[in-house]
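Trainee: This structure is in structure tokens; I'll ask about it shortly.
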Amino acid sequence: MLLLLLSGLHGATFAQEVSARYRGARSLYFLSCLTAETEKVILERRIPAAELSPVVIFTFRVDSTARVSDFRFVEDTSEAEGLSQSVPETEATRKAVLEAFERLGGEWSPATVDGRPVDVTLRMVMRIPVAKIERLQNPDPLLFQGRNPEESFHEWMRERVRYDERFAKVGGLVHVRFWVEPDGRITIDRIVETPDAKLGKEVVRAIRSSRGKWTPRKVRDVPQRTAYDYRVNYINEGD
């Protein structure tokens, strides 16, 4: 998402507007460059993925002389449609974004109206690929029976959850969050969502029985306590 705000335009009708450009391309190109550069900074500085914010909103000005200034983070993200983040970015995220912004330099050309350069304020929403960064930082991922749990654990659970006559009229999403401990034990965090309390408990029972079949994520060969979210959608065909 990117919004362009022009200042000093009053009463203009049918004006020919040209947006500010970065290296001759539209502003979205700058956003993609900034996202890639921010990822590079994070990996270089070894900023843990757990310290990152997935969404960053900021504004800055490109004036009529192509000078870039007034960079600031937008702390209130509640007005941004479709975004769940409603808190300020972490300090680690801000430092990474600022360094990336400074690295890219000021290769801008100003916005124009009827050929006349004008000041423009750009407002951008950047999504940081936190999951990708975590995979790059931690090449030893969480495994279930030696495989990706998105495949192997779901297959295993399908055979062990007793979705029987007790749930003849129950259907919907069950979401359980749990931890795989460094020694392979299972700690249930909570049932995030379930259409039926008994069905939630049945899924938890099956999850607990997976103890010892997990290989926790490792950092520098040291097993880590690893979170996992299990989601399954039960479709009731009775009604």
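So you can find residues: chains in the structure tokens are A, B, ... in the order shown, residues in each start at 1, and ligands are numbered from 1 in order.
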Using only C-alpha atoms, which residues of range 96-189 of chain A come within 7 Å of range 218-223 of chain A, and what is the closest atom pair for each, with the distance in Å to one decimal? Give it as a tab-separated table, sorted by chain and residue number.

Mentor:
residue	atom	partner	partner_atom	distance
A:Asn138	CA	A:Val219	CA	5.9
A:Asp140	CA	A:Lys218	CA	5.3
A:Pro141	CA	A:Lys218	CA	6.8
A:Pro182	CA	A:Pro223	CA	5.0

Trainee: Determine, counting only C-alpha atoms, which protein, DNA and RNA residues have an atom within 12 Å of an atom of range 214-216 of chain A; residues of the same chain fewer than 2 positions away are not included. Present the result as a ChimeraX atom specification.

Mentor: /A:138-149,152-153,179-186,207-212,218-219,221-228

Trainee: List the spatial neighbours of Glu134 in chain A as a ChimeraX atom specification - criterion: any atom at most 10 Å away, only C-alpha atoms, same-chain residues fewer than 3 positions off excluded.

Mentor: /A:43,47-50,129-131,137-139,141

Trainee: Output C-alpha atoms for every residue in that selection, as a CSV table (one decimal), in the first residue's frame.

Mentor:
chain,number,residue,atom,x,y,z
A,43,LEU,CA,20.8,-10.3,8.4
A,47,ILE,CA,18.9,-8.9,14.5
A,48,PRO,CA,16.8,-11.8,15.9
A,49,ALA,CA,13.5,-12.3,14.0
A,50,ALA,CA,11.7,-12.3,17.3
A,129,PRO,CA,9.4,-11.0,5.7
A,130,VAL,CA,9.9,-12.1,9.3
A,131,ALA,CA,9.2,-15.8,8.6
A,137,GLN,CA,18.8,-17.1,10.6
A,138,ASN,CA,17.9,-20.6,11.9
A,139,PRO,CA,18.7,-23.1,9.1
A,141,PRO,CA,14.0,-25.9,11.5

Trainee: What gap, in Å, lies between CA of Thr93 in chain A and CA of Glu39 in chain A?

Mentor: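 Computing the Euclidean distance for CA of Thr93 in chain A and CA of Glu39 in chain A yields 10.2 Å.
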
Trainee: Extract, using only C-alpha atoms, all DNA, RNA and protein residues at most 10 Å from Ile191 in chain A, discarding same-chain residues fewer than 2 positions from it, and format them as number ranges by chain.

Mentor: A: 174-178, 188-189, 193-194, 197, 200-201, 203-204, 229-230

Trainee: Gly172 in chain A: which residues within 6 Å, counting only C-alpha atoms, same-chain residues fewer than 6 positions away excluded, as a ChimeraX atom specification?

Mentor: /A:195,233-234
